[in-house]
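These notes concern the structure reproduced below.
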Amino acid sequence: MTEHLLQVENLRVHFKTYGGEVQAVRGVTFHVDRGETLAVVGESGCGKSVTAQAIMGLIPNPPGRIVDGQIRFDGQDITRLSKKELLSLRGTEIGMVFQDPMTALNPTMKVGTQIVEGFVRTHHVSKEEARKKAMEMLRLVGIPDPEKRVDQYPHEFSGGMRQRVVIAIALANNPKLVIADEPTTALDVTIQAQILDLLKELQEKQQLSIVMITHDLGVVAEIAHRAVVMYAGIVVETGKVEDIFKSPKHPYTWGLMRSMPRIDGEEKERLVPIDGSPPDLFHPPKGCPFAARCQFAMDICEQQMPEVTVFENAHQAACWLHDPRAPKLDELVAAGRQT
Amino acid sequence: MARYLLKRILMMIVTLWIIVTLTFSLMHMIPGDPFASESDQLPEQILLNLRAKYHLDEPLPMQYLSYLKSLAMLDLGPSIKSETRGVNDMIKDGFGSSALIGMQAIAVALFFGLIFGIIAALNRNTWIDYMAMVMAVLGIAVPSFIMAPLLINYLAIKLPLFPVATLASWKHSVLPSLALAFGPLAIITRYMRTSMIEVMNQNYIRTAEAKGIPTFLIVVRHGIRNAILPVVTFLGPLVAGLLTGTFVVEKIFAVPGVGKYFVDGIFNRDYPVILGTTVFYSAILVLIIFLIDLAYMFIDPRIKLSGRGR
Amino acid sequence: MAAEQSANELFRPRSQKTDGQVVAMRPSLTHFQQVTRKLVRNKLAMVGFTLIVLMVLMALIGPHLVPYSYSDQSLLTANQELSAEHWFGTDELGRDMFSRTWYGARISLIIGITAALIDLVIGVTVGGIAGYMAGRGKRGDRIDTIIMRLIEVLYGLPYLLVVIMLMVVMEPGIVTIIIALSATGWTGMARLVRGQILQLKNQEFIMAAQVLGAKFPRILLRHLIPNTIGVIIVNLTFTIPSAIFAESFLSFLGLGVQAPIASWGTMTNDALGVILTGDWWRLFFPALMISLTMFAFNVFGDGLQDALDPRIRE
């Protein structure tokens, strides 16, 4: 049996705040294989970014702490590593691309220096070699004129170019895994496509694994092989992207799909927003967290956490509707209409 | 860049000209003249001669022009109380002492202020932070003219560690410099702490963490440099405060500096001396602020290359 | 069959729609409530506030608590230590230090608050005009530029030097000090207010209000003032102590209030001569009062600033 590159197992992360303890991540399980792109989808506050921070070992403690669970990366459990071991993992084995390229770069340091800062630490190269490496990285991420660019400061780069620099920083040490936290959200649509293309191309070239954190199903369709749909700190559905798009199994995923604009539809479809807002994670509900917003909710949904149902191709969903005891969907739809 | 410099220098000259004109007109708004108090004792002819000597009998515009002319020749004018020595001589005498105390104070304030600020920010909400903040608040609350007698009382009289009065040796300069440094040190500590806390919450610090850079290097390479930038912009008013602080500190410690001449000038109502020293102080201040701005351009690449001022 | 039925009951469509849609958030507070709450929780700021109140109270009643006025001389009781008759001792002219200290508090507070209020009025007016005019056609921009140039020049002048010059020239006295302090002191407030208004003008909610047809006075009243008042008050809590400091500085140089009027600055200056004789109370009380006042206003101002800053959360 080949081991997954990354295996997150029942991860729980809590944050202490002034108002109480937030249960930001409440038992999340997923895995990433080598050379694979996994999308983690969900709206803001669903715990996807916290999950990413946990994988990087960057949960600020205090106020945050990993309460339970394992994060196995390449055979070792990240949650048990010492600070020093984490340090040698970050940047070298796992790279990270942040959301806002306008603020992710140090404004007073040359771009080239920033790109190779981690590389220089691990490889102890001379200044010239470091500069050469920086130019090589700039070329790799498609920035023209690297000889000149390497000595410039971030304010001389456009947003898209800066995001390329951020990607170059993440890739400088040839990591096995890159975590991209909403890398295109802050960019123009045309630039978004370029950045996604770049990530795809780099992945094939370097045999990268990518964890793509996003709220944008368009990005998922574009780049990911598999997807994990998160809601209120738990995974509600996971599976191959084709399967999820073709036959989504969880009502939240249905809602997400209907709230996404499509251009291939024959007739004009109305966008349907999901009513209500996510539950309070200070006091999460004991049943399915989506029940309060779910059109198809049953009494059991509010009382017990749903069990995971497995479909073909390891497509999974955590919803009571797939329990054999549940009534047929049509009845529920009818009931939902009545209320 | 060159254009910006030129503009700045022009602004400097205009500011100085305004100060000179303002002080000149203020000085000549006073009813009577500097010899008014002595007119009872002096014979009429001597008074007239004195007035002629200091051009006080000429019409005001003429006096103004001749004053500007002598200023352009870097002659800051005569003193009325002291026959033989003009303002230039006083500055020549006093500038060394004043500069020594002032520079030492700035150096101490900057060095310790930055360090305390950084340490406080990195240990936010711990006792180290609270200690630094208490010290900073004390430094702001206790003015130099109170700090100075306190230092004399405790470090010169009760515990005779340092000599005071005059500036016979370097040891004499320690207490005046400390008295002067305390306020700016406190202000720099506060600014640096705030700035450092803000910088350490920036996204590029997270980028550096994700790169696997150890905390210490993150603080040094990414934190401090960015945090110092806003602090530099506060140095101008700080230096101005320090400069005025030298008046009282020099007076209290009997340091023969420019400040002492200035304060004596005020007590004696020696208007040419007040005028001359004020112009001198303003020139120094405007120059220092200009230098600080230059330094800012030097350490912030965003400004250097775009060629724009603040 | 019946048992299975009961197990399946839970799988019926939800019997009633719970009000789970309403998210239980922390109770929402108005901005003002949030600010006062944060301020009250800030112990240091509250210490500062209490001290300010005490100072004002003592400035009002302090001189009346003892049977001596600030200027009553009595050579028989000169240079006395603290005693039941003279709570803070006496000076070399036998004047009661307790009475003088609180009389000095009156002078310092009057000067500090008046100067700060004058700064406020001039600064808000000039800064408001500049901010309002900026971006209103060529003429508006020109007015803004002229005002800003003026402020820039005045701001570039060394503050205390100018005040000293003015004091040298004018008749010494409380009114003179206030005039001298306000002559250039308002520029800071004007810059602040103009900056705030310019920043707010470009904010979306102001533009939205304009688009919706709100007239300027309404925008000023409903949006600009509420959003600027915070920084103005914070600025006030810092200009008051700096005016008090400037007054004692001037008095210390012999340029402030004239004898027999007492101010903390003149009292400190008087005490310098006796620092070697061990009459510690001469320096101690005025120095303590200056420092306490500066401390109180500064920590209160800091606390207020933190409380008004939406970025700082507990």
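Residues are referred to by chain and number: the chain letter is A, B, ... according to the order shown in the structure tokens, the number counts from 1 in that chain, and ligands are numbered separately from 1 in the order shown.
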
Which polymer residues have any atom within 9 Å of an atom of Pro327 (chain A), counting only C-alpha atoms, with same-chain residues fewer than 5 positions away left out, as a compact mmCIF listing (two decimals) with N, CA and C atoms, in the first residue's frame?
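Okay, selection_32.txt is ready:
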# COMPACT_ATOMS: atom_id res chain seq x y z
N LEU A 321 -29.57 12.10 4.53
CA LEU A 321 -30.45 11.79 3.40
C LEU A 321 -30.06 10.47 2.73
N LEU A 332 -39.29 14.85 0.65
CA LEU A 332 -38.66 15.91 1.43
C LEU A 332 -38.77 17.25 0.72
N PHE C 11 -36.53 10.29 11.01
CA PHE C 11 -36.22 10.55 9.61
C PHE C 11 -37.37 11.20 8.88
N ARG C 12 -38.33 11.71 9.67
CA ARG C 12 -39.40 12.47 9.03
C ARG C 12 -38.90 13.86 8.75
N PRO C 13 -39.45 14.47 7.72
CA PRO C 13 -39.09 15.86 7.47
C PRO C 13 -39.26 16.67 8.74

For this session: Write out as number ranges by chain every residue belonging to chain C that has an atom at most 9 Å from any atom of chain B, counting only C-alpha atoms.
Result: C: 153-154, 156-162, 164-166, 168-170, 245, 249, 252-255, 268-269, 272, 275-276, 283, 287-288, 290-296, 298-299

Select from chain A every residue with an atom at most 9 Å from any atom of chain B, then for each give the shortest pair of atoms and their distance in Å to one decimal, using only C-alpha atoms, rows by chain and rising number, as CSV.
residue,atom,partner,partner_atom,distance
A:Met56,CA,B:Ala210,CA,7.1
A:Gly57,CA,B:Ala210,CA,8.9
A:Leu58,CA,B:Ala210,CA,7.8
A:Lys84,CA,B:Pro214,CA,8.5
A:Leu86,CA,B:Gly212,CA,7.9
A:Leu87,CA,B:Gly212,CA,4.8
A:Ser88,CA,B:Gly212,CA,6.3
A:Leu89,CA,B:Gly212,CA,7.2
A:Arg90,CA,B:Gly212,CA,4.7
A:Gly91,CA,B:Lys211,CA,4.1
A:Thr92,CA,B:Gly212,CA,7.5
A:Ile94,CA,B:Ala210,CA,8.3
A:Gly95,CA,B:Ala210,CA,6.7
A:Met96,CA,B:Ala210,CA,6.2
A:Val97,CA,B:Thr207,CA,8.1
A:Phe98,CA,B:Thr207,CA,7.5
A:Asp100,CA,B:Asn203,CA,8.1
A:Thr103,CA,B:Asn203,CA,5.6
A:Ala104,CA,B:Tyr204,CA,4.2
A:Leu105,CA,B:Tyr204,CA,4.8
A:Asn106,CA,B:Tyr204,CA,5.3
A:Pro107,CA,B:Arg302,CA,7.6
A:Thr108,CA,B:Pro301,CA,6.1
A:Met109,CA,B:His222,CA,8.0
A:Gln114,CA,B:Ala208,CA,8.4
A:Glu117,CA,B:Lys211,CA,7.7
A:Gly118,CA,B:Lys211,CA,5.4
A:Phe119,CA,B:Lys211,CA,8.7
A:Arg121,CA,B:Ile213,CA,7.9
A:Tyr153,CA,B:Pro301,CA,7.2
A:Pro154,CA,B:Arg302,CA,8.8
A:His155,CA,B:Arg302,CA,6.7
A:Glu156,CA,B:Arg302,CA,8.5
A:Val166,CA,B:Thr207,CA,8.3
A:Ile169,CA,B:Lys211,CA,7.5
A:Ala170,CA,B:Lys211,CA,7.1
A:Asn173,CA,B:Lys211,CA,8.9

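Among the candidates B:Ser173, B:Thr84, B:Gln63, B:Gln45, the residue lying nearest to Gln104 (chain B) is B:Ser173 (atoms considered: only C-alpha atoms).
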
For chain A versus chain C, which residues have an atom no more than 6 Å away, and what is each residue's nearest atom pair and distance in Å rounded to one decimal, using only C-alpha atoms, chain-then-number order, as JSON lines?
{"residue": "A:Tyr18", "atom": "CA", "partner": "C:Glu314", "partner_atom": "CA", "distance": 6.0}
{"residue": "A:Gly276", "atom": "CA", "partner": "C:Gln21", "partner_atom": "CA", "distance": 5.3}
{"residue": "A:Pro279", "atom": "CA", "partner": "C:Val23", "partner_atom": "CA", "distance": 5.8}
{"residue": "A:Asp280", "atom": "CA", "partner": "C:Ala24", "partner_atom": "CA", "distance": 5.9}
{"residue": "A:Ala292", "atom": "CA", "partner": "C:Gly20", "partner_atom": "CA", "distance": 4.9}
{"residue": "A:Ala297", "atom": "CA", "partner": "C:Arg14", "partner_atom": "CA", "distance": 5.7}
{"residue": "A:Met298", "atom": "CA", "partner": "C:Arg14", "partner_atom": "CA", "distance": 4.1}
{"residue": "A:Asp299", "atom": "CA", "partner": "C:Arg14", "partner_atom": "CA", "distance": 4.7}
{"residue": "A:Ile300", "atom": "CA", "partner": "C:Leu10", "partner_atom": "CA", "distance": 4.8}
{"residue": "A:Ala326", "atom": "CA", "partner": "C:Phe11", "partner_atom": "CA", "distance": 5.4}

Problem set entry | Per-residue DSSP, region 56-273 of chain C, filtered to helix (DSSP H, G or I), as a count of residues only | 162

Problem set entry | All strand (DSSP E or B) residues (DSSP, backbone) inside region 48-118 of chain A, as number ranges by chain | A: 64-73, 76-77, 90, 94-97

Output N, CA and C atoms for every residue in the selection just made, as an mmCIF file, in the first residue's frame.
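File written: result_5.cif
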data_model
loop_
_atom_site.group_PDB
_atom_site.id
_atom_site.type_symbol
_atom_site.label_atom_id
_atom_site.label_comp_id
_atom_site.auth_asym_id
_atom_site.auth_seq_id
_atom_site.Cartn_x
_atom_site.Cartn_y
_atom_site.Cartn_z
ATOM 1 N N GLY A 64 -4.474 29.871 19.455
ATOM 2 C CA GLY A 64 -4.973 28.640 18.839
ATOM 3 C C GLY A 64 -4.248 27.416 19.365
ATOM 4 N N ARG A 65 -4.898 26.252 19.254
ATOM 5 C CA ARG A 65 -4.150 25.030 19.540
ATOM 6 C C ARG A 65 -4.837 23.862 18.840
ATOM 7 N N ILE A 66 -4.005 22.888 18.487
ATOM 8 C CA ILE A 66 -4.542 21.680 17.874
ATOM 9 C C ILE A 66 -4.989 20.792 19.016
ATOM 10 N N VAL A 67 -6.294 20.525 19.094
ATOM 11 C CA VAL A 67 -6.849 19.814 20.229
ATOM 12 C C VAL A 67 -6.707 18.315 20.027
ATOM 13 N N ASP A 68 -6.866 17.893 18.777
ATOM 14 C CA ASP A 68 -6.894 16.460 18.530
ATOM 15 C C ASP A 68 -6.526 16.230 17.068
ATOM 16 N N GLY A 69 -6.116 15.003 16.774
ATOM 17 C CA GLY A 69 -5.916 14.624 15.388
ATOM 18 C C GLY A 69 -4.457 14.574 14.983
ATOM 19 N N GLN A 70 -4.255 14.096 13.759
ATOM 20 C CA GLN A 70 -2.915 13.924 13.217
ATOM 21 C C GLN A 70 -2.829 14.603 11.868
ATOM 22 N N ILE A 71 -1.634 15.078 11.548
ATOM 23 C CA ILE A 71 -1.373 15.525 10.186
ATOM 24 C C ILE A 71 -0.116 14.782 9.758
ATOM 25 N N ARG A 72 -0.287 13.717 9.005
ATOM 26 C CA ARG A 72 0.888 12.944 8.601
ATOM 27 C C ARG A 72 1.371 13.430 7.258
ATOM 28 N N PHE A 73 2.618 13.910 7.233
ATOM 29 C CA PHE A 73 3.202 14.359 5.982
ATOM 30 C C PHE A 73 4.439 13.524 5.723
ATOM 31 N N GLN A 76 5.690 11.496 8.707
ATOM 32 C CA GLN A 76 5.808 11.993 10.086
ATOM 33 C C GLN A 76 4.620 12.880 10.459
ATOM 34 N N ASP A 77 4.311 12.862 11.751
ATOM 35 C CA ASP A 77 3.154 13.599 12.237
ATOM 36 C C ASP A 77 3.555 15.046 12.557
ATOM 37 N N ARG A 90 9.090 23.635 6.854
ATOM 38 C CA ARG A 90 8.462 24.762 6.162
ATOM 39 C C ARG A 90 9.397 25.316 5.099
ATOM 40 N N ILE A 94 7.251 21.854 2.375
ATOM 41 C CA ILE A 94 5.934 22.404 2.097
ATOM 42 C C ILE A 94 6.089 23.905 1.836
ATOM 43 N N GLY A 95 5.561 24.364 0.723
ATOM 44 C CA GLY A 95 5.598 25.794 0.443
ATOM 45 C C GLY A 95 4.197 26.353 0.547
ATOM 46 N N MET A 96 4.117 27.681 0.717
ATOM 47 C CA MET A 96 2.787 28.247 0.862
ATOM 48 C C MET A 96 2.631 29.489 -0.007
ATOM 49 N N VAL A 97 1.474 29.593 -0.665
ATOM 50 C CA VAL A 97 1.149 30.776 -1.465
ATOM 51 C C VAL A 97 -0.020 31.471 -0.780
#

Problem set entry | Residue contacts of Asp243 (chain A) (10 Å, only C-alpha atoms) excluding same-chain residues fewer than 4 positions away, as an NGL selection string | :A and (226-227 or 238-239 or 247-249 or 311-315)

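Using only C-alpha atoms, the protein and nucleic acid residues lying no more than 9 Å from region 179-183 of chain A, apart from those fewer than 4 places from it along its own chain, are Lys48, Ser49, Ala52, Ile55, Met56, Ile94, Gly95, Met96, Val97, Phe98, Gln99, Asp100, Pro101, Gln163, Ile167, Ala170, Leu187, Gln192, Ile195, Leu196, Ser209, Ile210, Val211, Met212, Ile213, Thr214, His215 and Asp216 of chain A.
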
Exercise. Lys246 (chain A): which residues within 12 Å, counting only C-alpha atoms, same-chain residues fewer than 5 positions away excluded, as a PyMOL selection string?
Worked result: chain A and resi 221+239-241+253-254+257+315

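Note that the spacing between CA of Ala120 (chain B) and CA of Ser177 (chain B) amounts to 24.0 Å.
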